[in-house]
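The data block below is protein-v8.pdb; it holds PDB, C-alpha atoms.
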```pdb
ATOM      1  CA  MET A   1      53.830 119.647 139.906
ATOM      2  CA  LYS A   2      56.702 121.510 141.601
ATOM      3  CA  LYS A   3      55.336 120.609 145.030
ATOM      4  CA  VAL A   4      55.216 116.945 144.059
ATOM      5  CA  LEU A   5      58.801 117.039 142.789
ATOM      6  CA  ASN A   6      59.945 118.782 145.964
ATOM      7  CA  LEU A   7      58.244 116.143 148.110
ATOM      8  CA  LEU A   8      59.850 113.361 146.074
ATOM      9  CA  THR A   9      63.230 115.033 146.493
ATOM     10  CA  TYR A  10      62.739 115.289 150.259
ATOM     11  CA  PHE A  11      61.902 111.580 150.304
ATOM     12  CA  TRP A  12      64.967 110.734 148.219
ATOM     13  CA  LEU A  13      67.205 112.780 150.535
ATOM     14  CA  PHE A  14      65.669 111.006 153.526
ATOM     15  CA  VAL A  15      66.456 107.613 151.968
ATOM     16  CA  VAL A  16      70.014 108.690 151.092
ATOM     17  CA  ASP A  17      70.557 109.936 154.654
ATOM     18  CA  LEU A  18      69.540 106.537 156.005
ATOM     19  CA  MET A  19      72.246 104.908 153.901
ATOM     20  CA  ALA A  20      75.068 106.734 155.690
ATOM     21  CA  SER A  21      75.408 103.778 158.049
ATOM     22  CA  TRP A  22      75.043 101.137 155.326
ATOM     23  CA  SER A  23      77.995  99.096 154.163
ATOM     24  CA  PRO A  24      79.442  99.779 150.695
ATOM     25  CA  GLU A  25      78.133  96.371 149.633
ATOM     26  CA  SER A  26      74.572  97.309 150.626
ATOM     27  CA  ARG A  27      74.725 100.614 148.773
ATOM     28  CA  THR A  28      76.103  98.754 145.759
ATOM     29  CA  ARG A  29      73.125  96.396 145.749
ATOM     30  CA  MET A  30      70.724  99.314 146.009
ATOM     31  CA  ALA A  31      72.598 101.157 143.252
ATOM     32  CA  ARG A  32      71.975  98.255 140.878
ATOM     33  CA  VAL A  33      68.239  98.610 141.519
ATOM     34  CA  VAL A  34      68.299 102.393 141.077
ATOM     35  CA  ALA A  35      70.359 102.101 137.883
ATOM     36  CA  TRP A  36      67.932  99.563 136.417
ATOM     37  CA  LEU A  37      64.959 101.814 137.211
ATOM     38  CA  PHE A  38      66.671 104.861 135.715
ATOM     39  CA  TRP A  39      67.603 102.881 132.605
ATOM     40  CA  GLN A  40      63.989 101.813 132.116
ATOM     41  CA  MET A  41      62.237 105.053 133.065
ATOM     42  CA  VAL A  42      64.408 107.706 131.380
ATOM     43  CA  PRO A  43      64.852 106.571 127.772
ATOM     44  CA  LYS A  44      66.014 110.015 126.633
ATOM     45  CA  ARG A  45      69.213 109.848 128.718
ATOM     46  CA  ARG A  46      69.723 106.212 127.751
ATOM     47  CA  LYS A  47      69.649 107.157 124.073
ATOM     48  CA  ILE A  48      72.062 110.048 124.650
ATOM     49  CA  ALA A  49      74.550 107.771 126.423
ATOM     50  CA  LEU A  50      74.421 105.163 123.670
ATOM     51  CA  ARG A  51      74.732 107.821 120.975
ATOM     52  CA  ASN A  52      77.763 109.385 122.670
ATOM     53  CA  LEU A  53      79.441 105.993 122.902
ATOM     54  CA  GLN A  54      78.643 105.295 119.251
ATOM     55  CA  LEU A  55      80.239 108.583 118.224
ATOM     56  CA  CYS A  56      83.303 108.247 120.436
ATOM     57  CA  PHE A  57      83.910 104.510 120.011
ATOM     58  CA  PRO A  58      82.699 103.592 116.517
ATOM     59  CA  LEU A  59      84.829 100.428 116.426
ATOM     60  CA  TRP A  60      83.138  98.946 119.469
ATOM     61  CA  SER A  61      80.336  96.461 118.952
ATOM     62  CA  ASP A  62      76.772  97.464 119.819
ATOM     63  CA  GLN A  63      76.881  94.938 122.646
ATOM     64  CA  LYS A  64      79.990  96.474 124.188
ATOM     65  CA  ARG A  65      78.511  99.971 124.009
ATOM     66  CA  LEU A  66      75.342  98.689 125.663
ATOM     67  CA  GLU A  67      77.340  97.048 128.460
ATOM     68  CA  VAL A  68      79.425 100.177 129.065
ATOM     69  CA  ALA A  69      76.309 102.371 129.100
ATOM     70  CA  LYS A  70      74.634 100.132 131.684
ATOM     71  CA  ARG A  71      77.755 100.134 133.870
ATOM     72  CA  CYS A  72      77.840 103.914 133.512
ATOM     73  CA  TYR A  73      74.286 104.040 134.900
ATOM     74  CA  PHE A  74      75.336 101.863 137.813
ATOM     75  CA  HIS A  75      78.282 104.121 138.664
ATOM     76  CA  LEU A  76      76.103 107.234 138.489
ATOM     77  CA  ALA A  77      73.500 105.581 140.717
ATOM     78  CA  ARG A  78      76.071 104.524 143.270
ATOM     79  CA  ALA A  79      77.635 107.983 143.235
ATOM     80  CA  ALA A  80      74.197 109.405 144.053
ATOM     81  CA  LEU A  81      73.774 106.998 146.977
ATOM     82  CA  ASP A  82      77.322 107.661 148.163
ATOM     83  CA  HIS A  83      76.237 111.211 148.967
ATOM     84  CA  SER A  84      74.999 109.650 152.211
ATOM     85  CA  VAL A  85      78.617 109.334 153.371
ATOM     86  CA  LEU A  86      79.857 112.519 151.704
ATOM     87  CA  TRP A  87      77.066 114.693 153.137
ATOM     88  CA  LYS A  88      76.468 113.033 156.508
ATOM     89  CA  GLY A  89      79.596 111.052 157.387
ATOM     90  CA  SER A  90      82.274 112.372 159.716
ATOM     91  CA  ALA A  91      85.496 113.853 158.395
ATOM     92  CA  GLU A  92      87.236 110.607 159.312
ATOM     93  CA  ALA A  93      84.632 108.547 157.444
ATOM     94  CA  VAL A  94      84.962 110.680 154.316
ATOM     95  CA  ARG A  95      88.764 110.572 154.494
ATOM     96  CA  ASP A  96      88.644 106.797 154.676
ATOM     97  CA  PHE A  97      86.012 106.589 151.925
ATOM     98  CA  VAL A  98      87.864 108.836 149.441
ATOM     99  CA  ARG A  99      91.592 108.187 149.206
ATOM    100  CA  PHE A 100      94.178 110.084 147.180
ATOM    101  CA  ASP A 101      97.220 108.728 145.379
ATOM    102  CA  PRO A 102     100.583 109.180 147.156
ATOM    103  CA  GLY A 103     101.825 112.733 146.675
ATOM    104  CA  ALA A 104      98.493 113.997 145.313
ATOM    105  CA  ILE A 105      97.486 116.043 148.346
ATOM    106  CA  GLU A 106     100.974 117.523 148.617
ATOM    107  CA  ARG A 107     100.838 118.732 145.000
ATOM    108  CA  ILE A 108      97.491 120.412 145.536
ATOM    109  CA  THR A 109      98.169 121.925 148.961
ATOM    110  CA  SER A 110     101.761 123.073 148.371
ATOM    111  CA  GLU A 111     102.134 126.835 148.564
ATOM    112  CA  LYS A 112     104.761 126.718 145.822
ATOM    113  CA  ASN A 113     102.041 125.466 143.443
ATOM    114  CA  ARG A 114      99.971 128.622 143.679
ATOM    115  CA  PRO A 115      97.931 129.811 141.891
ATOM    116  CA  LEU A 116      96.578 126.386 140.905
ATOM    117  CA  ILE A 117      93.875 125.075 138.582
ATOM    118  CA  VAL A 118      92.651 121.557 139.372
ATOM    119  CA  ILE A 119      90.935 120.255 136.225
ATOM    120  CA  ALA A 120      88.147 117.872 137.290
ATOM    121  CA  PRO A 121      86.252 116.267 134.387
ATOM    122  CA  HIS A 122      82.780 114.748 134.685
ATOM    123  CA  PHE A 123      83.447 111.302 136.098
ATOM    124  CA  ALA A 124      80.955 109.664 138.454
ATOM    125  CA  GLY A 125      83.120 110.452 141.483
ATOM    126  CA  LEU A 126      83.340 114.170 140.735
ATOM    127  CA  ASP A 127      81.542 115.210 143.944
ATOM    128  CA  ALA A 128      83.415 112.678 146.051
ATOM    129  CA  ALA A 129      86.805 114.069 145.021
ATOM    130  CA  GLY A 130      85.714 117.686 145.420
ATOM    131  CA  ILE A 131      84.201 117.248 148.887
ATOM    132  CA  ALA A 132      87.085 115.097 150.143
ATOM    133  CA  LEU A 133      89.642 117.571 148.827
ATOM    134  CA  ASN A 134      88.148 120.213 151.114
ATOM    135  CA  LEU A 135      89.300 118.113 154.070
ATOM    136  CA  TYR A 136      92.849 119.117 153.158
ATOM    137  CA  VAL A 137      92.565 122.546 151.549
ATOM    138  CA  ARG A 138      90.016 125.321 151.082
ATOM    139  CA  GLY A 139      89.202 125.818 147.413
ATOM    140  CA  VAL A 140      86.990 127.669 144.984
ATOM    141  CA  SER A 141      84.669 126.267 142.329
ATOM    142  CA  LEU A 142      81.867 127.263 140.000
ATOM    143  CA  TYR A 143      78.561 125.449 140.267
ATOM    144  CA  GLN A 144      75.362 125.270 138.236
ATOM    145  CA  ARG A 145      72.190 126.032 140.171
ATOM    146  CA  GLN A 146      69.688 123.179 139.950
ATOM    147  CA  ALA A 147      66.100 123.730 138.854
ATOM    148  CA  ASN A 148      64.838 121.825 141.895
ATOM    149  CA  PRO A 149      65.430 124.120 144.905
ATOM    150  CA  VAL A 150      65.379 121.264 147.414
ATOM    151  CA  TRP A 151      68.119 119.351 145.626
ATOM    152  CA  ASP A 152      70.011 122.577 144.916
ATOM    153  CA  LYS A 153      70.206 123.409 148.646
ATOM    154  CA  ALA A 154      71.165 119.842 149.606
ATOM    155  CA  ALA A 155      73.975 119.751 147.042
ATOM    156  CA  PHE A 156      75.206 123.216 148.016
ATOM    157  CA  ASP A 157      75.226 122.429 151.746
ATOM    158  CA  GLY A 158      76.931 119.080 151.123
ATOM    159  CA  ARG A 159      79.734 120.689 149.150
ATOM    160  CA  LYS A 160      80.255 123.354 151.829
ATOM    161  CA  ARG A 161      80.770 120.894 154.698
ATOM    162  CA  PHE A 162      84.538 121.072 155.069
ATOM    163  CA  SER A 163      86.802 124.138 154.982
ATOM    164  CA  ASP A 164      83.944 126.412 153.839
ATOM    165  CA  PRO A 165      84.979 126.468 150.144
ATOM    166  CA  ILE A 166      83.943 129.381 147.961
ATOM    167  CA  LEU A 167      81.171 128.180 145.629
ATOM    168  CA  ILE A 168      80.256 130.641 142.896
ATOM    169  CA  ALA A 169      76.994 130.205 141.005
ATOM    170  CA  LYS A 170      77.395 130.354 137.245
ATOM    171  CA  THR A 171      75.725 133.496 135.961
ATOM    172  CA  GLY A 172      77.835 134.308 132.931
ATOM    173  CA  LYS A 173      78.580 137.706 134.469
ATOM    174  CA  ASP A 174      81.468 138.482 136.812
ATOM    175  CA  ASP A 175      81.680 134.875 138.068
ATOM    176  CA  LEU A 176      85.143 134.455 136.551
ATOM    177  CA  LYS A 177      86.316 137.656 138.257
ATOM    178  CA  ALA A 178      85.276 136.140 141.584
ATOM    179  CA  VAL A 179      87.261 132.990 140.748
ATOM    180  CA  ILE A 180      90.377 135.045 139.973
ATOM    181  CA  ARG A 181      90.047 136.966 143.246
ATOM    182  CA  ALA A 182      89.840 133.687 145.179
ATOM    183  CA  MET A 183      92.847 132.270 143.307
ATOM    184  CA  HIS A 184      94.863 135.367 144.183
ATOM    185  CA  GLN A 185      94.006 134.624 147.832
ATOM    186  CA  GLY A 186      95.721 131.232 147.427
ATOM    187  CA  LEU A 187      92.681 129.012 146.834
ATOM    188  CA  PRO A 188      93.019 126.257 144.192
ATOM    189  CA  PHE A 189      90.301 126.382 141.519
ATOM    190  CA  TYR A 190      88.399 123.113 141.068
ATOM    191  CA  TYR A 191      87.418 123.442 137.407
ATOM    192  CA  LEU A 192      85.009 121.276 135.378
ATOM    193  CA  PRO A 193      86.065 121.635 131.714
ATOM    194  CA  ASP A 194      84.008 119.223 129.654
ATOM    195  CA  MET A 195      80.439 120.445 129.229
ATOM    196  CA  ASP A 196      78.820 121.942 126.150
ATOM    197  CA  HIS A 197      78.081 125.562 127.107
ATOM    198  CA  GLY A 198      76.993 126.634 123.648
ATOM    199  CA  ILE A 199      78.778 128.544 120.937
ATOM    200  CA  LYS A 200      79.450 131.719 122.932
ATOM    201  CA  ASN A 201      83.036 131.822 124.235
ATOM    202  CA  SER A 202      83.619 128.231 123.019
ATOM    203  CA  ILE A 203      85.921 126.813 120.377
ATOM    204  CA  PHE A 204      85.604 123.499 118.545
ATOM    205  CA  VAL A 205      88.234 120.913 119.379
ATOM    206  CA  PRO A 206      88.022 117.201 118.564
ATOM    207  CA  PHE A 207      86.782 114.970 121.372
ATOM    208  CA  PHE A 208      87.393 111.395 120.235
ATOM    209  CA  GLY A 209      87.522 112.784 116.705
ATOM    210  CA  ILE A 210      84.198 114.669 116.875
ATOM    211  CA  PRO A 211      84.271 118.501 116.972
ATOM    212  CA  ALA A 212      82.983 119.529 120.411
ATOM    213  CA  ALA A 213      82.237 123.038 121.677
ATOM    214  CA  THR A 214      84.743 123.531 124.480
ATOM    215  CA  LEU A 215      85.570 126.494 126.698
ATOM    216  CA  PRO A 216      89.309 127.321 126.511
ATOM    217  CA  MET A 217      89.160 128.557 130.097
ATOM    218  CA  ALA A 218      92.011 126.474 131.498
ATOM    219  CA  SER A 219      94.494 128.012 129.064
ATOM    220  CA  ARG A 220      93.202 131.564 129.250
ATOM    221  CA  LEU A 221      92.792 131.573 133.018
ATOM    222  CA  ALA A 222      96.212 130.026 133.571
ATOM    223  CA  ARG A 223      97.721 132.735 131.379
ATOM    224  CA  VAL A 224      95.928 135.569 133.215
ATOM    225  CA  THR A 225      96.699 134.271 136.698
ATOM    226  CA  LYS A 226     100.045 132.564 135.911
ATOM    227  CA  ALA A 227      98.546 129.446 137.479
ATOM    228  CA  LYS A 228      99.928 125.939 137.452
ATOM    229  CA  VAL A 229      97.590 123.220 136.148
ATOM    230  CA  LEU A 230      96.967 119.552 136.904
ATOM    231  CA  MET A 231      94.119 117.086 136.432
ATOM    232  CA  CYS A 232      92.120 115.221 139.083
ATOM    233  CA  ILE A 233      90.362 111.933 138.207
ATOM    234  CA  PRO A 234      88.237 110.017 140.759
ATOM    235  CA  GLU A 235      88.064 106.262 140.260
ATOM    236  CA  MET A 236      85.113 104.515 141.898
ATOM    237  CA  THR A 237      86.187 101.323 143.654
ATOM    238  CA  GLU A 238      84.267  98.606 145.468
ATOM    239  CA  LYS A 239      84.875 100.262 148.846
ATOM    240  CA  GLY A 240      84.851 103.937 147.887
ATOM    241  CA  TYR A 241      87.005 106.123 145.651
ATOM    242  CA  GLN A 242      90.648 106.394 144.659
ATOM    243  CA  VAL A 243      91.530 109.861 143.387
ATOM    244  CA  HIS A 244      94.311 110.138 140.806
ATOM    245  CA  VAL A 245      96.060 113.488 140.443
ATOM    246  CA  THR A 246      98.454 114.086 137.562
ATOM    247  CA  GLN A 247     101.773 115.858 137.760
ATOM    248  CA  LEU A 248     101.726 119.563 136.990
ATOM    249  CA  PHE A 249     101.336 120.170 133.266
ATOM    250  CA  GLU A 250     104.648 121.144 131.723
ATOM    251  CA  ASN A 251     104.868 124.068 129.283
ATOM    252  CA  PHE A 252     101.294 125.109 130.016
ATOM    253  CA  PRO A 253      99.824 127.468 129.055
ATOM    254  CA  THR A 254     101.336 128.372 125.707
ATOM    255  CA  ALA A 255     100.527 131.286 123.448
ATOM    256  CA  ASP A 256      98.087 129.031 121.554
ATOM    257  CA  TYR A 257      94.924 128.550 123.626
ATOM    258  CA  GLU A 258      93.423 126.230 121.007
ATOM    259  CA  ALA A 259      96.416 123.901 121.212
ATOM    260  CA  ASP A 260      96.233 124.056 125.020
ATOM    261  CA  THR A 261      92.528 123.172 124.998
ATOM    262  CA  LEU A 262      93.191 120.260 122.660
ATOM    263  CA  ARG A 263      95.922 119.069 125.022
ATOM    264  CA  VAL A 264      93.528 119.108 127.994
ATOM    265  CA  THR A 265      90.939 117.228 125.925
ATOM    266  CA  GLN A 266      93.455 114.590 124.841
ATOM    267  CA  GLU A 267      94.514 114.067 128.458
ATOM    268  CA  LEU A 268      90.851 113.600 129.341
ATOM    269  CA  GLU A 269      90.478 111.048 126.524
ATOM    270  CA  ARG A 270      93.318 108.990 127.986
ATOM    271  CA  TRP A 271      91.558 108.807 131.354
ATOM    272  CA  ILE A 272      88.211 107.982 129.750
ATOM    273  CA  GLU A 273      89.813 105.111 127.847
ATOM    274  CA  LYS A 274      91.036 103.816 131.203
ATOM    275  CA  TYR A 275      87.633 104.113 132.939
ATOM    276  CA  PRO A 276      85.078 104.384 130.097
ATOM    277  CA  ASP A 277      82.119 103.248 132.199
ATOM    278  CA  GLN A 278      82.731 105.899 134.874
ATOM    279  CA  TYR A 279      82.434 108.911 132.585
ATOM    280  CA  MET A 280      79.101 110.785 132.482
ATOM    281  CA  TRP A 281      77.927 109.856 129.003
ATOM    282  CA  THR A 282      74.375 110.998 129.765
ATOM    283  CA  HIS A 283      74.962 114.662 128.918
ATOM    284  CA  ARG A 284      74.843 115.930 125.319
ATOM    285  CA  ARG A 285      78.528 116.641 124.835
ATOM    286  CA  PHE A 286      78.019 117.293 121.099
ATOM    287  CA  LYS A 287      74.871 119.395 121.375
ATOM    288  CA  THR A 288      76.399 122.480 119.721
ATOM    289  CA  ARG A 289      77.498 121.898 116.143
ATOM    290  CA  PRO A 290      79.727 123.893 113.807
ATOM    291  CA  GLN A 291      77.724 126.130 111.509
ATOM    292  CA  GLY A 292      75.872 124.108 108.885
ATOM    293  CA  GLU A 293      76.257 120.738 110.579
ATOM    294  CA  PRO A 294      73.104 118.798 111.550
ATOM    295  CA  SER A 295      72.306 117.725 115.109
ATOM    296  CA  LEU A 296      73.951 114.501 116.264
ATOM    297  CA  TYR A 297      71.116 113.608 118.634
TER     298      TYR A 297
END
```
Serialized structure, structure tokens:
Amino acid sequence: MKKVLNLLTYFWLFVVDLMASWSPESRTRMARVVAWLFWQMVPKRRKIALRNLQLCFPLWSDQKRLEVAKRCYFHLARAALDHSVLWKGSAEAVRDFVRFDPGAIERITSEKNRPLIVIAPHFAGLDAAGIALNLYVRGVSLYQRQANPVWDKAAFDGRKRFSDPILIAKTGKDDLKAVIRAMHQGLPFYYLPDMDHGIKNSIFVPFFGIPAATLPMASRLARVTKAKVLMCIPEMTEKGYQVHVTQLFENFPTADYEADTLRVTQELERWIEKYPDQYMWTHRRFKTRPQGEPSLY
């Protein structure tokens, strides 16, 4: 079975590579096909997306949640196909494909804003923003090893293309120490804050009113390293991506890491409300429940 999956992954990577020379319009058309297939063939993820939207947006109609979920699938499919440009395109092609708001690059690259934590939530353009950012500055990030070794290597190599960023595999042991060392060397930390990592080291803060297990890392790490903090949101457009970077958070961190974590979550909610169909609703954000509460899935 593993050999079959590896062969399928090689074929998929071959197809994606071919699309590097395609126009954005052609990749968009193909993404609609891929999204439809994924919607039909993976009902488990479809149900998770719809359930998440039901929990987070209870006032929406079923029809609206269905439409947003389908658009979410399209954006995820197109993001997957866009790896053709991100992994194979020239630096100039990637720079043209992924654009940053005025002043964004200066805020991230400025030496006076060191140490720096760049909070990057799970929007469809997460990889696009991270890879393009390495065109301007060398950074450090944690990554989750993939079960499929072929895809794991492709993703790792693609993210290492520019500036040779430090990518640290999540092990749960000493990985944060490696991040701190890199930050002390002047590298901004590209941090993904919004996954359910279980009860250990997490606290429950409301995410659209639902208690969600959340790591308070941004607050605690900023306090330990005296880092400045901002948020990075990639918006998928018809031609590529527009990356929005907030101003530096004021009065952050505080002595209350729970209040800080809630603040980060509320900032994320504001961006999700702006681009609800570009957020990755397919992961079980509410998997871990407070003691005594039943599963939401």
So that I can see what lies close to Arg78 in chain A, please list as a CSV table (one decimal) with C-alpha atoms, keeping the file's coordinate frame the residues with an atom at most 12 Å from it, counting only C-alpha atoms and leaving out residues fewer than 2 positions away in the same chain.
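Printed below is result_19.csv as written:
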```
chain,number,residue,atom,x,y,z
A,16,VAL,CA,70.0,108.7,151.1
A,19,MET,CA,72.2,104.9,153.9
A,24,PRO,CA,79.4,99.8,150.7
A,25,GLU,CA,78.1,96.4,149.6
A,26,SER,CA,74.6,97.3,150.6
A,27,ARG,CA,74.7,100.6,148.8
A,28,THR,CA,76.1,98.8,145.8
A,29,ARG,CA,73.1,96.4,145.7
A,30,MET,CA,70.7,99.3,146.0
A,31,ALA,CA,72.6,101.2,143.3
A,32,ARG,CA,72.0,98.3,140.9
A,33,VAL,CA,68.2,98.6,141.5
A,34,VAL,CA,68.3,102.4,141.1
A,35,ALA,CA,70.4,102.1,137.9
A,36,TRP,CA,67.9,99.6,136.4
A,71,ARG,CA,77.8,100.1,133.9
A,72,CYS,CA,77.8,103.9,133.5
A,73,TYR,CA,74.3,104.0,134.9
A,74,PHE,CA,75.3,101.9,137.8
A,75,HIS,CA,78.3,104.1,138.7
A,76,LEU,CA,76.1,107.2,138.5
A,80,ALA,CA,74.2,109.4,144.1
A,81,LEU,CA,73.8,107.0,147.0
A,82,ASP,CA,77.3,107.7,148.2
A,83,HIS,CA,76.2,111.2,149.0
A,84,SER,CA,75.0,109.6,152.2
A,85,VAL,CA,78.6,109.3,153.4
A,124,ALA,CA,81.0,109.7,138.5
A,125,GLY,CA,83.1,110.5,141.5
A,128,ALA,CA,83.4,112.7,146.1
A,236,MET,CA,85.1,104.5,141.9
A,237,THR,CA,86.2,101.3,143.7
A,238,GLU,CA,84.3,98.6,145.5
A,239,LYS,CA,84.9,100.3,148.8
A,240,GLY,CA,84.9,103.9,147.9
A,241,TYR,CA,87.0,106.1,145.7
A,278,GLN,CA,82.7,105.9,134.9
```
* Run the PyMOL selection byres ((chain A and resi 52) around 12) against the file shown and list the residues it catches, as number ranges by chain. => A: 45-51, 53-58, 65-66, 68-69, 207-210, 212, 276, 279-287, 296-297
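Take CA of Arg95 in chain A and CA of Leu167 in chain A: the distance between them is 21.1 Å.
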* To do: Could you please determine the separation between CA of Pro206 in chain A and CA of Lys64 in chain A in Å, to one decimal place?
  =>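 So the two atoms, CA of Pro206 in chain A and CA of Lys64 in chain A, lie 22.9 Å apart.
Distance check against Arg161 in chain A using all atoms listed in the file: of A:His122, A:Asp175, A:Gly130, A:Arg289, the minimum falls on A:Gly130.
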* To do: Find the distance between CA of Thr261 in chain A and CA of Ile199 in chain A and write it in Å to one decimal.
  => 15.3 Å
* To do: List, as a list in words, every residue that the PyMOL selection byres ((chain A and resi 96-110) around 7) selects in the file provided.
  =>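 Taken on the displayed file, the PyMOL selection byres ((chain A and resi 96-110) around 7) yields the residues Glu92, Ala93, Val94, Arg95, Glu111, Lys112, Asn113, Ala128, Ala129, Ala132, Val137, Gly240, Tyr241, Gln242, Val243, His244 and Val245 of chain A.
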* Asked: Applied to this file, what does the PyMOL selection byres ((chain A and resi 169) around 7) return in terms of residues, put as a ChimeraX atom specification?
  -> /A:142-145,167-168,170-171
Report the centre and edge lengths, in Å to one decimal, of an axis-aligned box enclosing every atom of range 89-92 of chain A listed in the file, padded by 8 Å on each side, as AutoDock Vina command-line options.
```
--center_x 83.4 --center_y 112.2 --center_z 158.6 --size_x 23.6 --size_y 19.2 --size_z 18.3
```
* Asked: Residues at most 12 Å from Ala182 in chain A, counting all atoms listed in the file, excluding those fewer than 4 positions away in the same chain, as a list in words?
  -> Arg114, Pro115, Leu116, Ile117, Arg138, Gly139, Val140, Ser141, Leu142, Pro165, Ile166, Leu167, Ile168, Asp175, Leu176, Lys177, Ala178, Gly186, Leu187, Pro188, Phe189, Tyr190 and Thr225 of chain A
* To do: Determine, counting all atoms listed in the file, which protein, DNA and RNA residues have an atom within 9 Å of an atom of Asn201 in chain A; residues of the same chain fewer than 5 positions away are not included. Present the result as a list in words.
  =>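 What passes the distance filter is Thr214, Leu215 and Pro216 of chain A.
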* To do: Can you work out which one of A:Leu86, A:Ile119, A:Ala218, A:Ala213 has the shortest atom-to-atom distance to Lys160 in chain A, counting all atoms listed in the file?
  =>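 Looking only at the distances to Lys160 in chain A, the closest residue turns out to be A:Leu86.
In terms of minimum interatomic distance to Pro290 in chain A, A:Pro211 ranks closest within A:Pro234, A:Gly158, A:Pro211, A:Pro253, counting only C-alpha atoms.
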